[in-house]
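Undergrad: One file is attached below, target39.txt, containing compact mmCIF, C-alpha atoms.
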```txt
# COMPACT_ATOMS: atom_id res chain seq x y z
CA ILE A 1 35.97 -8.26 100.11
CA PHE A 2 39.03 -10.24 101.21
CA PRO A 3 41.98 -11.42 99.08
CA ALA A 4 41.49 -14.76 97.34
CA SER A 5 44.19 -16.27 99.55
CA GLN A 6 41.91 -15.65 102.53
CA SER A 7 38.73 -17.06 101.03
CA ILE A 8 37.11 -19.46 103.46
CA SER A 9 34.32 -21.98 103.71
CA ALA A 10 31.10 -20.82 105.37
CA ASN A 11 31.47 -23.79 107.72
CA ALA A 12 35.14 -23.21 108.58
CA PRO A 13 35.90 -23.63 112.31
CA PHE A 14 36.48 -20.34 114.12
CA HIS A 15 40.15 -21.08 114.84
CA LEU A 16 40.84 -21.44 111.09
CA LEU A 17 39.41 -18.04 110.14
CA PRO A 18 41.74 -15.19 109.13
CA PRO A 19 41.92 -12.17 111.51
CA GLN A 20 39.42 -10.04 109.56
CA ALA A 21 36.82 -12.82 109.47
CA LYS A 22 37.35 -13.55 113.17
CA ALA A 23 36.81 -9.91 114.08
CA ILE A 24 33.64 -9.79 111.96
CA ALA A 25 32.35 -13.04 113.48
CA ILE A 26 32.90 -11.73 117.01
CA LEU A 27 31.17 -8.42 116.28
CA ARG A 28 28.27 -10.25 114.68
CA ARG A 29 27.89 -12.50 117.70
CA GLN A 30 28.63 -10.08 120.55
CA GLY A 31 27.57 -6.68 119.22
CA PRO A 32 29.63 -3.49 119.64
CA LEU A 33 33.09 -4.10 121.11
CA SER A 34 36.32 -2.21 121.76
CA ARG A 35 39.64 -3.13 120.14
CA THR A 36 40.82 -4.63 123.42
CA GLU A 37 37.69 -6.78 123.69
CA ILE A 38 38.08 -8.01 120.12
CA ALA A 39 41.71 -8.93 120.87
CA ASP A 40 40.60 -10.83 123.98
CA TYR A 41 37.89 -12.76 122.09
CA THR A 42 40.07 -13.63 119.11
CA GLY A 43 43.33 -14.30 120.96
CA TYR A 44 45.33 -12.00 118.70
CA SER A 45 47.75 -9.36 119.94
CA ARG A 46 46.65 -5.76 120.22
CA SER A 47 48.93 -4.79 117.31
CA THR A 48 47.40 -7.46 115.03
CA ILE A 49 43.89 -6.37 115.92
CA THR A 50 44.77 -2.72 115.37
CA THR A 51 45.97 -3.58 111.84
CA THR A 52 42.89 -5.72 111.24
CA ILE A 53 40.47 -3.03 112.44
CA ASN A 54 42.20 -0.43 110.29
CA GLN A 55 41.78 -2.68 107.24
CA LEU A 56 38.09 -3.24 107.95
CA THR A 57 37.56 0.46 108.58
CA ASP A 58 39.29 1.40 105.32
CA LEU A 59 37.01 -1.04 103.50
CA GLY A 60 34.00 0.67 105.09
CA ILE A 61 32.75 -2.50 106.80
CA ILE A 62 33.03 -1.28 110.40
CA GLU A 63 33.20 2.10 112.11
CA GLU A 64 33.64 3.69 115.51
CA ILE A 65 30.29 4.41 117.10
CA GLY A 66 31.27 6.20 120.31
CA ASP A 67 32.84 5.69 123.70
CA GLY A 68 32.30 2.66 125.90
CA GLU A 69 32.20 2.31 129.67
CA THR A 70 35.39 2.38 131.71
CA SER A 71 36.34 1.57 135.28
CA GLY A 72 38.95 4.31 135.20
CA GLY A 73 41.15 6.01 132.67
CA ARG A 74 40.43 6.69 129.03
CA ARG A 75 37.11 5.48 127.61
CA PRO A 76 37.52 2.82 124.90
CA ARG A 77 36.26 3.54 121.38
CA MET A 78 33.50 1.08 120.45
CA LEU A 79 33.31 -0.56 117.02
CA ASN A 80 30.39 -1.98 115.09
CA PHE A 81 29.29 -2.67 111.54
CA LYS A 82 28.75 0.33 109.31
CA ALA A 83 25.06 -0.04 108.61
CA ASP A 84 25.09 1.42 105.10
CA PHE A 85 28.17 -0.49 103.90
CA GLY A 86 25.81 -2.85 102.10
CA TYR A 87 22.43 -4.54 102.31
CA VAL A 88 21.09 -8.06 102.24
CA VAL A 89 17.81 -9.55 101.02
CA GLY A 90 16.06 -12.51 102.61
CA VAL A 91 13.29 -14.38 100.77
CA ASP A 92 11.01 -17.12 102.03
CA VAL A 93 9.25 -18.92 99.17
CA GLY A 94 6.20 -20.92 100.23
CA ALA A 95 3.68 -22.93 98.28
CA THR A 96 1.11 -20.11 98.31
CA SER A 97 3.01 -17.00 99.42
CA VAL A 98 6.39 -15.29 99.36
CA ASP A 99 7.91 -13.09 102.06
CA CYS A 100 10.80 -10.69 101.42
CA ALA A 101 12.87 -8.48 103.72
CA ILE A 102 15.80 -6.09 103.29
CA ALA A 103 18.31 -5.48 106.10
CA ASP A 104 21.35 -3.30 106.46
CA PHE A 105 24.76 -4.50 107.66
CA SER A 106 23.73 -3.94 111.28
CA ARG A 107 20.94 -6.48 110.66
CA HIS A 108 18.16 -3.92 111.05
CA ILE A 109 15.21 -4.76 108.81
CA LEU A 110 14.47 -1.72 106.64
CA ALA A 111 11.52 -3.09 104.69
CA SER A 112 9.51 -6.28 104.43
CA GLY A 113 6.47 -7.52 102.61
CA SER A 114 4.40 -10.53 101.65
CA ARG A 115 2.49 -11.49 98.54
CA GLU A 116 0.28 -14.41 97.58
CA ILE A 117 1.65 -16.65 94.83
CA ASP A 118 1.15 -20.09 93.38
CA VAL A 119 4.55 -21.73 93.24
CA ARG A 120 3.18 -24.17 90.65
CA GLU A 121 3.15 -21.36 88.09
CA GLY A 122 6.87 -21.93 87.73
CA PRO A 123 10.17 -20.23 88.55
CA GLU A 124 10.07 -17.35 86.10
CA VAL A 125 6.68 -16.11 87.32
CA THR A 126 7.63 -16.48 90.99
CA LEU A 127 11.13 -15.04 90.69
CA THR A 128 9.82 -12.07 88.69
CA ILE A 129 7.40 -11.32 91.54
CA ILE A 130 10.29 -11.56 94.02
CA ARG A 131 12.48 -9.26 91.93
CA ASP A 132 9.68 -6.71 91.61
CA MET A 133 8.95 -6.82 95.35
CA VAL A 134 12.60 -6.19 96.19
CA MET A 135 12.94 -3.39 93.64
CA GLU A 136 9.85 -1.68 95.04
CA ALA A 137 11.27 -1.92 98.56
CA LEU A 138 14.64 -0.56 97.41
CA LYS A 139 12.91 2.39 95.79
CA GLU A 140 11.07 3.14 99.03
CA THR A 141 14.25 2.94 101.13
CA GLY A 142 16.51 4.73 98.64
CA VAL A 143 18.94 1.81 98.35
CA SER A 144 20.64 1.06 95.03
CA PRO A 145 20.46 -2.52 93.66
CA GLU A 146 24.27 -2.41 93.38
CA LYS A 147 24.44 -2.15 97.18
CA ILE A 148 22.75 -5.55 97.64
CA TYR A 149 25.68 -7.81 98.58
CA GLY A 150 23.76 -10.83 99.82
CA PHE A 151 20.55 -12.45 98.54
CA GLY A 152 19.29 -15.50 100.43
CA ILE A 153 16.35 -17.62 99.27
CA GLY A 154 14.65 -20.40 101.21
CA VAL A 155 12.55 -22.80 99.11
CA PRO A 156 10.19 -25.65 100.07
CA GLY A 157 11.99 -28.48 98.30
CA PRO A 158 15.22 -30.49 98.07
CA VAL A 159 18.19 -28.31 97.07
CA ASP A 160 21.60 -29.10 95.62
CA PHE A 161 23.26 -26.47 97.80
CA ALA A 162 26.54 -26.27 95.87
CA ALA A 163 24.73 -25.70 92.56
CA GLY A 164 21.94 -23.60 94.08
CA VAL A 165 19.15 -25.48 92.28
CA LEU A 166 16.12 -27.49 93.29
CA ILE A 167 16.13 -31.20 92.51
CA ALA A 168 12.76 -32.77 91.59
CA PRO A 169 10.68 -30.73 94.08
CA PRO A 170 7.31 -32.51 94.45
CA ILE A 171 5.15 -29.38 94.88
CA MET A 172 7.11 -27.14 92.48
CA PRO A 173 6.68 -28.30 88.87
CA GLY A 174 9.08 -26.64 86.45
CA TRP A 175 11.65 -25.74 89.12
CA ASN A 176 13.88 -28.80 88.71
CA GLY A 177 17.39 -27.56 87.92
CA TYR A 178 16.24 -24.00 87.21
CA PRO A 179 19.17 -21.50 87.54
CA ILE A 180 17.75 -19.37 90.36
CA ARG A 181 21.07 -17.70 91.18
CA GLU A 182 21.62 -16.59 87.59
CA PHE A 183 18.11 -15.09 87.40
CA ILE A 184 18.67 -13.02 90.55
CA ARG A 185 22.16 -11.88 89.54
CA GLU A 186 20.84 -10.44 86.27
CA THR A 187 19.39 -7.63 88.40
CA PHE A 188 21.50 -7.74 91.56
CA THR A 189 24.92 -8.02 89.98
CA GLN A 190 26.96 -7.54 93.18
CA ALA A 191 25.06 -10.06 95.27
CA VAL A 192 26.20 -13.43 96.53
CA VAL A 193 23.04 -15.49 95.94
CA VAL A 194 22.40 -18.42 98.28
CA VAL A 195 19.59 -20.93 97.71
CA ASP A 196 18.76 -23.49 100.37
CA ASN A 197 15.93 -25.58 101.71
CA ASP A 198 13.66 -23.41 103.84
CA VAL A 199 14.09 -25.39 107.05
CA ASN A 200 17.89 -25.19 106.77
CA VAL A 201 17.54 -21.41 106.58
CA MET A 202 15.31 -21.43 109.66
CA ALA A 203 17.84 -23.54 111.55
CA LEU A 204 20.60 -21.13 110.48
CA GLY A 205 18.57 -18.21 111.83
CA GLU A 206 18.30 -19.88 115.22
CA LEU A 207 22.02 -20.72 115.16
CA ARG A 208 23.06 -17.15 114.36
CA TYR A 209 20.70 -15.12 116.54
CA GLY A 210 18.09 -17.32 118.20
CA ALA A 211 17.81 -20.11 120.72
CA GLY A 212 20.56 -22.07 118.94
CA MET A 213 23.33 -19.58 119.73
CA LEU A 214 24.28 -21.62 122.81
CA HIS A 215 23.84 -25.04 121.18
CA GLU A 216 26.25 -26.81 118.83
CA ASN A 217 24.00 -29.80 118.09
CA PHE A 218 20.29 -29.25 117.61
CA ILE A 219 17.40 -29.93 115.24
CA PHE A 220 14.91 -27.41 113.87
CA VAL A 221 11.63 -28.98 112.72
CA LYS A 222 9.28 -27.11 110.42
CA VAL A 223 5.67 -28.30 110.49
CA GLY A 224 3.62 -26.71 107.74
CA THR A 225 2.29 -27.99 104.43
CA GLY A 226 5.24 -30.38 104.62
CA ILE A 227 7.49 -31.46 107.45
CA GLY A 228 11.27 -31.14 107.38
CA ALA A 229 14.22 -30.82 109.72
CA GLY A 230 17.28 -28.58 109.68
CA ILE A 231 20.21 -30.28 111.40
CA VAL A 232 22.95 -28.31 113.15
CA ALA A 233 26.00 -30.45 113.95
CA LYS A 234 29.10 -28.98 115.62
CA GLY A 235 27.82 -25.46 115.05
CA ALA A 236 27.14 -25.75 111.30
CA ILE A 237 24.25 -26.79 109.06
CA TYR A 238 24.59 -30.46 108.15
CA ARG A 239 23.29 -31.18 104.64
CA GLY A 240 24.58 -34.69 104.01
CA ALA A 241 26.32 -36.04 100.93
CA ASP A 242 23.81 -34.65 98.42
CA GLY A 243 22.08 -31.90 100.37
CA CYS A 244 18.91 -33.72 101.41
CA ALA A 245 19.69 -34.49 105.06
CA GLY A 246 16.73 -33.80 107.35
CA ASP A 247 13.93 -34.77 104.95
CA ILE A 248 11.99 -36.41 107.78
CA GLY A 249 8.62 -35.77 106.15
CA HIS A 250 9.02 -38.99 104.19
CA ILE A 251 9.89 -41.24 107.11
CA CYS A 252 7.14 -43.81 107.56
CA ALA A 253 4.94 -42.91 110.54
CA ASP A 254 1.60 -44.62 109.83
CA ARG A 255 1.12 -47.09 106.98
CA SER A 256 -2.62 -46.38 106.93
CA ALA A 257 -2.01 -42.72 105.94
CA PRO A 258 -2.85 -41.42 102.44
CA LEU A 259 -0.30 -41.31 99.63
CA CYS A 260 2.24 -38.50 99.80
CA HIS A 261 3.54 -36.48 96.83
CA TRP A 262 6.18 -39.15 96.13
CA GLY A 263 3.56 -41.90 95.90
CA ASN A 264 4.52 -43.65 99.15
CA THR A 265 2.17 -44.50 101.99
CA GLY A 266 2.64 -43.73 105.67
CA CYS A 267 4.87 -40.64 105.27
CA LEU A 268 4.99 -38.33 108.27
CA GLU A 269 3.87 -35.21 106.40
CA ALA A 270 0.92 -37.08 104.88
CA THR A 271 0.05 -38.14 108.43
CA ALA A 272 0.71 -35.04 110.52
CA GLY A 273 1.35 -32.08 108.17
CA GLY A 274 -1.02 -29.14 107.84
CA PRO A 275 -3.12 -30.60 104.97
CA ALA A 276 -3.40 -33.94 106.80
CA ILE A 277 -4.67 -32.22 109.95
CA ALA A 278 -7.17 -30.20 107.91
CA ALA A 279 -8.33 -33.32 106.02
CA ARG A 280 -9.01 -35.20 109.27
CA ALA A 281 -10.96 -32.21 110.58
CA THR A 282 -13.02 -32.04 107.39
CA GLU A 283 -13.77 -35.76 107.61
CA ALA A 284 -14.94 -35.36 111.22
CA MET A 285 -17.08 -32.36 110.29
CA ASN A 286 -18.74 -34.20 107.41
CA ALA A 287 -19.50 -37.05 109.78
CA GLY A 288 -21.26 -34.62 112.10
CA LYS A 289 -18.76 -35.06 114.93
CA SER A 290 -17.92 -31.38 115.47
CA ALA A 291 -20.26 -28.42 115.40
CA ILE A 292 -17.30 -26.11 116.01
CA PHE A 293 -15.62 -27.33 112.83
CA ALA A 294 -18.83 -26.64 110.94
CA LYS A 295 -18.89 -23.11 112.36
CA TYR A 296 -15.35 -22.37 111.19
CA ALA A 297 -15.90 -23.97 107.79
CA ALA A 298 -18.94 -21.73 107.23
CA GLN A 299 -16.64 -18.73 107.65
CA HIS A 300 -14.25 -19.95 104.90
CA ASN A 301 -16.53 -21.31 102.15
CA GLY A 302 -16.55 -24.79 103.66
CA ILE A 303 -12.76 -25.06 103.94
CA LEU A 304 -10.97 -25.97 107.17
CA THR A 305 -7.29 -25.43 107.96
CA ALA A 306 -4.92 -26.65 110.64
CA VAL A 307 -5.29 -23.23 112.28
CA ASP A 308 -9.04 -23.86 112.59
CA VAL A 309 -8.27 -27.13 114.37
CA GLY A 310 -6.15 -25.22 116.86
CA ARG A 311 -8.92 -22.67 117.41
CA ALA A 312 -11.46 -25.45 117.93
CA ALA A 313 -9.16 -27.14 120.43
CA SER A 314 -8.86 -23.89 122.39
CA GLU A 315 -12.67 -23.93 122.65
CA GLY A 316 -12.51 -27.40 124.15
CA ASP A 317 -13.58 -29.39 121.09
CA PRO A 318 -12.68 -33.04 121.88
CA VAL A 319 -12.31 -34.04 118.21
CA ALA A 320 -9.85 -31.21 117.59
CA ASN A 321 -7.90 -32.15 120.70
CA GLN A 322 -7.69 -35.76 119.52
CA ILE A 323 -6.44 -34.74 116.06
CA ILE A 324 -3.76 -32.49 117.57
CA HIS A 325 -2.72 -35.14 120.07
CA GLU A 326 -2.35 -37.87 117.43
CA SER A 327 -0.52 -35.60 114.96
CA GLY A 328 1.90 -34.48 117.66
CA ARG A 329 2.46 -38.07 118.74
CA PHE A 330 3.36 -39.16 115.21
CA ILE A 331 5.87 -36.31 114.92
CA GLY A 332 7.29 -37.05 118.37
CA GLU A 333 7.81 -40.72 117.62
CA VAL A 334 9.72 -39.94 114.43
CA LEU A 335 11.79 -37.35 116.29
CA ALA A 336 12.56 -39.94 118.97
CA THR A 337 14.38 -41.94 116.31
CA LEU A 338 16.47 -38.87 115.49
CA VAL A 339 17.16 -38.24 119.18
CA ASN A 340 18.40 -41.79 119.68
CA PHE A 341 20.56 -41.51 116.56
CA PHE A 342 21.87 -37.93 116.75
CA ASN A 343 21.59 -37.03 120.47
CA PRO A 344 20.83 -33.31 120.03
CA SER A 345 20.67 -30.95 122.99
CA MET A 346 17.61 -29.16 121.63
CA ILE A 347 14.68 -29.58 119.24
CA LEU A 348 12.89 -26.44 118.06
CA ILE A 349 9.47 -26.63 116.39
CA GLY A 350 8.53 -23.96 113.85
CA GLY A 351 6.32 -23.45 110.83
CA GLY A 352 2.68 -22.41 110.62
CA VAL A 353 1.26 -25.55 112.21
CA SER A 354 3.47 -25.13 115.30
CA ASN A 355 1.15 -22.34 116.45
CA ILE A 356 -2.02 -24.44 116.75
CA GLY A 357 -1.74 -24.81 120.50
CA HIS A 358 0.27 -25.88 123.52
CA GLN A 359 -1.21 -29.37 123.40
CA PHE A 360 0.52 -29.92 120.05
CA LEU A 361 3.94 -29.27 121.61
CA ALA A 362 2.99 -31.37 124.64
CA ALA A 363 2.06 -34.31 122.38
CA ILE A 364 5.37 -34.02 120.51
CA ARG A 365 7.27 -34.01 123.80
CA ARG A 366 5.42 -37.11 125.04
CA GLY A 367 6.12 -38.92 121.77
CA VAL A 368 9.83 -38.12 121.98
CA LEU A 369 10.22 -39.03 125.64
CA HIS A 370 8.22 -42.25 125.31
CA ARG A 371 10.45 -43.61 122.52
CA SER A 372 13.87 -42.18 123.38
CA LEU A 373 16.66 -43.48 125.56
CA ALA A 374 16.82 -41.93 129.02
CA LEU A 375 20.41 -40.73 128.52
CA SER A 376 19.60 -39.01 125.20
CA THR A 377 16.79 -36.97 126.78
CA ARG A 378 18.43 -36.16 130.10
CA HIS A 379 19.33 -32.62 128.98
CA LEU A 380 17.11 -32.38 125.90
CA ARG A 381 15.08 -29.20 125.41
CA ILE A 382 11.98 -29.38 123.15
CA ASP A 383 10.28 -26.07 122.50
CA ILE A 384 8.53 -23.81 120.00
CA SER A 385 10.91 -21.59 118.04
CA PRO A 386 11.08 -18.19 119.78
CA MET A 387 11.95 -16.41 116.51
CA GLY A 388 8.64 -17.12 114.80
CA ALA A 389 8.23 -15.68 111.32
CA GLN A 390 11.42 -13.59 111.67
```
Translate the structure of the given file into structure tokens.
TA:
Amino acid sequence: IFPASQSISANAPFHLLPPQAKAIAILRRQGPLSRTEIADYTGYSRSTITTTINQLTDLGIIEEIGDGETSGGRRPRMLNFKADFGYVVGVDVGATSVDCAIADFSRHILASGSREIDVREGPEVTLTIIRDMVMEALKETGVSPEKIYGFGIGVPGPVDFAAGVLIAPPIMPGWNGYPIREFIRETFTQAVVVVDNDVNVMALGELRYGAGMLHENFIFVKVGTGIGAGIVAKGAIYRGADGCAGDIGHICADRSAPLCHWGNTGCLEATAGGPAIAARATEAMNAGKSAIFAKYAAQHNGILTAVDVGRAASEGDPVANQIIHESGRFIGEVLATLVNFFNPSMILIGGGVSNIGHQFLAAIRRGVLHRSLALSTRHLRIDISPMGAQ
């Protein structure tokens, strides 16, 4: 959209952005604004902002949407993104399902859907399903594939962000180094395709529009089949030297835990992830320690999940409560190490397992507070992600 001389890094500080990018960033963050308000937020003169707004309007990115409020005199003309300028696709690839959504430039979701998959079938099978899902949604909404300008994909594995490829993902055989961006761009030729680890994408969502909008340094923790952390430092996603920062699922939490996918013992996700919680519940059920577990297992062909453990805990099952307490404590103690090291102002917990009950969050909080320095937790907020699946 902008001249090559104005191309910028996604993590560029606000004060280094060119006028057009500053205006767009302010509109994205604040919503509809007048020219005067944009000038006030950006620090540019009214004449500079007038030129900038005219350029963005000519490009079709923003438009006038009506009159704003006034305390006297002429009503200001309000500006916002032109919704049909272009569209973006968001994809969440999980081990057993994929979720897709299409939004316009005003960030309204036009269509969304979910489909069961087996990520172990490989990239071509999975990406073909994703492509077909998006094409079906585009047909329903009347949007042309050429109008897709952004295509973001979150995947459950380590990602070389610059190259946009997975690197030796333990639960995704056949995906190592696969050119995901090239596959997508065969169909969506105008799209900027971004591939990142799923928890980084979740952290970015909170930073842009969620609880992280007022925090420059926070951690988003996803607890699901695996456990990972998205790190926001100074208002940007921190990926580390090779893109694998935040892989806390393989920090040692309990040396008596089963082997993880990498062949190590004691890893946090093998101790407190969704499958680990379900395995402990199944073991207790087989030992005759929980009639409630047996009831739930009978409803699912003998299979228990972490969600069942949460349901059992809500019914007052002591075994379920113990499993949740110990799993939360393990996660909290690992997070305490991060708190002492990084000193975030907030930790958000997300992922499917985060919904198993309030006692899970309470156990995580106790684990963090018990092991952290008093100064590092003085203003620390620990909470469930308010954005949920969105």
Undergrad: Quick one: everything within 12 Å of Tyr44 in chain A, counting all atoms listed in the file, minus sequence neighbours fewer than 6 positions away in the same chain. Send it as a list of chain:residue names.
TA: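 With the cut-off at 12 Å, the set is A:His15, A:Pro18, A:Pro19, A:Gln20, A:Lys22, A:Ala23, A:Arg35, A:Thr36, A:Glu37, A:Ile38, A:Thr50, A:Thr51, A:Thr52, A:Ile53.
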Undergrad: For range 373-379 of chain A, please output as a PDB file with C-alpha atoms, in the frame of the given file all residues within 8 Å (counting all atoms listed in the file; exclusion window: fewer than 2 positions along the same chain).
TA:
```pdb
ATOM      1  CA  VAL A 339      17.160 -38.240 119.180  1.00  0.00           C
ATOM      2  CA  ASN A 340      18.400 -41.790 119.680  1.00  0.00           C
ATOM      3  CA  ASN A 343      21.590 -37.030 120.470  1.00  0.00           C
ATOM      4  CA  PRO A 344      20.830 -33.310 120.030  1.00  0.00           C
ATOM      5  CA  SER A 345      20.670 -30.950 122.990  1.00  0.00           C
ATOM      6  CA  LEU A 369      10.220 -39.030 125.640  1.00  0.00           C
ATOM      7  CA  ARG A 371      10.450 -43.610 122.520  1.00  0.00           C
ATOM      8  CA  ARG A 381      15.080 -29.200 125.410  1.00  0.00           C
TER       9      ARG A 381
END
```
Undergrad: Enter the distance from CA of Arg311 in chain A to CA of Lys295 in chain A, in Å, rounded to one decimal.
TA: 11.2 Å
Undergrad: At a cut-off of 12 Å, using only C-alpha atoms, what residues contact Pro386 in chain A? Leave out same-chain residues fewer than 6 positions from it and give the result as a PyMOL selection string.
TA: chain A and resi 202-203+205-206+209-212+220+347-351+354-355
Undergrad: Write a file of the just-selected residues containing C-alpha atoms, as a PDB file, in the frame of the given file.
TA:
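See selection.pdb below for the written result:
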```pdb
ATOM      1  CA  MET A 202      15.310 -21.430 109.660  1.00  0.00           C
ATOM      2  CA  ALA A 203      17.840 -23.540 111.550  1.00  0.00           C
ATOM      3  CA  GLY A 205      18.570 -18.210 111.830  1.00  0.00           C
ATOM      4  CA  GLU A 206      18.300 -19.880 115.220  1.00  0.00           C
ATOM      5  CA  TYR A 209      20.700 -15.120 116.540  1.00  0.00           C
ATOM      6  CA  GLY A 210      18.090 -17.320 118.200  1.00  0.00           C
ATOM      7  CA  ALA A 211      17.810 -20.110 120.720  1.00  0.00           C
ATOM      8  CA  GLY A 212      20.560 -22.070 118.940  1.00  0.00           C
ATOM      9  CA  PHE A 220      14.910 -27.410 113.870  1.00  0.00           C
ATOM     10  CA  ILE A 347      14.680 -29.580 119.240  1.00  0.00           C
ATOM     11  CA  LEU A 348      12.890 -26.440 118.060  1.00  0.00           C
ATOM     12  CA  ILE A 349       9.470 -26.630 116.390  1.00  0.00           C
ATOM     13  CA  GLY A 350       8.530 -23.960 113.850  1.00  0.00           C
ATOM     14  CA  GLY A 351       6.320 -23.450 110.830  1.00  0.00           C
ATOM     15  CA  SER A 354       3.470 -25.130 115.300  1.00  0.00           C
ATOM     16  CA  ASN A 355       1.150 -22.340 116.450  1.00  0.00           C
TER      17      ASN A 355
END
```
Undergrad: Find, counting all atoms listed in the file, the residue in A:Leu259, A:Ala39, A:Met346, A:Ala276 that gets nearest to Glu216 in chain A.
TA: A:Met346
Undergrad: When distances are computed from all atoms listed in the file, which of A:Leu380, A:Val223, A:Ala279, A:Ala233 shows the smallest separation from Leu204 in chain A?
TA: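 Closest to Leu204 in chain A, using all atoms listed in the file: A:Ala233.
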Undergrad: Show which residues sit within 12 Å of Asn54 in chain A, as a PyMOL selection string. Count all atoms listed in the file, and ignore same-chain residues fewer than 5 positions away.
TA: chain A and resi 19-20+23+35+47-49+59-64+79
Undergrad: So, counting all atoms listed in the file, which residue among A:Ala320, A:Ala363, A:Met213, A:Glu315 is closest to Glu333 in chain A?
TA: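 Closest to Glu333 in chain A of all the choices is A:Ala363.
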Undergrad: Looking at only C-alpha atoms, which of A:Phe360, A:Tyr178, A:Tyr149, A:Tyr238 is the one that sits closest to Gly328 in chain A?
TA: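 Smallest separation from Gly328 in chain A among the options: A:Phe360.
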Undergrad: Within 10 Å of (7.7, -5.3, 105.5) (file coordinates; all atoms listed in the file), which protein or nucleic acid residues are there? I'd like them as a compact mmCIF listing (two decimals) with C-alpha atoms, keeping the file's coordinate frame.
TA:
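As a result, selection.txt now contains:
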```txt
# COMPACT_ATOMS: atom_id res chain seq x y z
CA ASP A 99 7.91 -13.09 102.06
CA CYS A 100 10.80 -10.69 101.42
CA ALA A 101 12.87 -8.48 103.72
CA ILE A 102 15.80 -6.09 103.29
CA ILE A 109 15.21 -4.76 108.81
CA LEU A 110 14.47 -1.72 106.64
CA ALA A 111 11.52 -3.09 104.69
CA SER A 112 9.51 -6.28 104.43
CA GLY A 113 6.47 -7.52 102.61
CA SER A 114 4.40 -10.53 101.65
CA ALA A 137 11.27 -1.92 98.56
```
Undergrad: Find the residues near Pro173 in chain A: any atom within 9 Å, counting all atoms listed in the file, skip ones fewer than 6 places away on the same chain, and give them as a count of residues only.
TA: 5
Undergrad: Mind pulling up the distance from CA of Gly86 in chain A to CA of Arg185 in chain A?
TA: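 Value for the CA of Arg185 in chain A-CA of Gly86 in chain A distance: 15.9 Å.
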Undergrad: Please measure the separation of CA of Ile303 in chain A and CA of Arg115 in chain A, giving the value in Å to one decimal.
TA: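 Separation between CA of Ile303 in chain A and CA of Arg115 in chain A: 21.1 Å.
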Undergrad: Select all residues near (12.2, -43.4, 106.1) (cut-off 12 Å, inclusive, file coordinates), counting only C-alpha atoms, and output them as a PyMOL selection string.
TA: chain A and resi 245-255+264-269+334-335+337-338
Undergrad: Export C-alpha atoms of the chosen residues as a PDB file, in the coordinates of the input?
TA:
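Result file follows (out.pdb):
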```
ATOM      1  CA  ALA A 245      19.690 -34.490 105.060  1.00  0.00           C
ATOM      2  CA  GLY A 246      16.730 -33.800 107.350  1.00  0.00           C
ATOM      3  CA  ASP A 247      13.930 -34.770 104.950  1.00  0.00           C
ATOM      4  CA  ILE A 248      11.990 -36.410 107.780  1.00  0.00           C
ATOM      5  CA  GLY A 249       8.620 -35.770 106.150  1.00  0.00           C
ATOM      6  CA  HIS A 250       9.020 -38.990 104.190  1.00  0.00           C
ATOM      7  CA  ILE A 251       9.890 -41.240 107.110  1.00  0.00           C
ATOM      8  CA  CYS A 252       7.140 -43.810 107.560  1.00  0.00           C
ATOM      9  CA  ALA A 253       4.940 -42.910 110.540  1.00  0.00           C
ATOM     10  CA  ASP A 254       1.600 -44.620 109.830  1.00  0.00           C
ATOM     11  CA  ARG A 255       1.120 -47.090 106.980  1.00  0.00           C
ATOM     12  CA  ASN A 264       4.520 -43.650  99.150  1.00  0.00           C
ATOM     13  CA  THR A 265       2.170 -44.500 101.990  1.00  0.00           C
ATOM     14  CA  GLY A 266       2.640 -43.730 105.670  1.00  0.00           C
ATOM     15  CA  CYS A 267       4.870 -40.640 105.270  1.00  0.00           C
ATOM     16  CA  LEU A 268       4.990 -38.330 108.270  1.00  0.00           C
ATOM     17  CA  GLU A 269       3.870 -35.210 106.400  1.00  0.00           C
ATOM     18  CA  VAL A 334       9.720 -39.940 114.430  1.00  0.00           C
ATOM     19  CA  LEU A 335      11.790 -37.350 116.290  1.00  0.00           C
ATOM     20  CA  THR A 337      14.380 -41.940 116.310  1.00  0.00           C
ATOM     21  CA  LEU A 338      16.470 -38.870 115.490  1.00  0.00           C
TER      22      LEU A 338
END
```
Undergrad: Step by step, gather every atom of range 27-40 of chain A that the file lists, find the box along x, y and z that holds them, add 5 Å on each side, and finally give centre and edge lengths in Å to one decimal, as JSON.
TA:
```
{"center_x": 34.6, "center_y": -7.4, "center_z": 119.3, "size_x": 24.1, "size_y": 20.3, "size_z": 19.3}
```
Undergrad: Have a look at A:Gly230, A:Gly243, A:Gly94, A:Gly273 and name the one nearest to Ile167 in chain A; count all atoms listed in the file.
TA: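 Distance minimum relative to Ile167 in chain A lands on A:Gly243.
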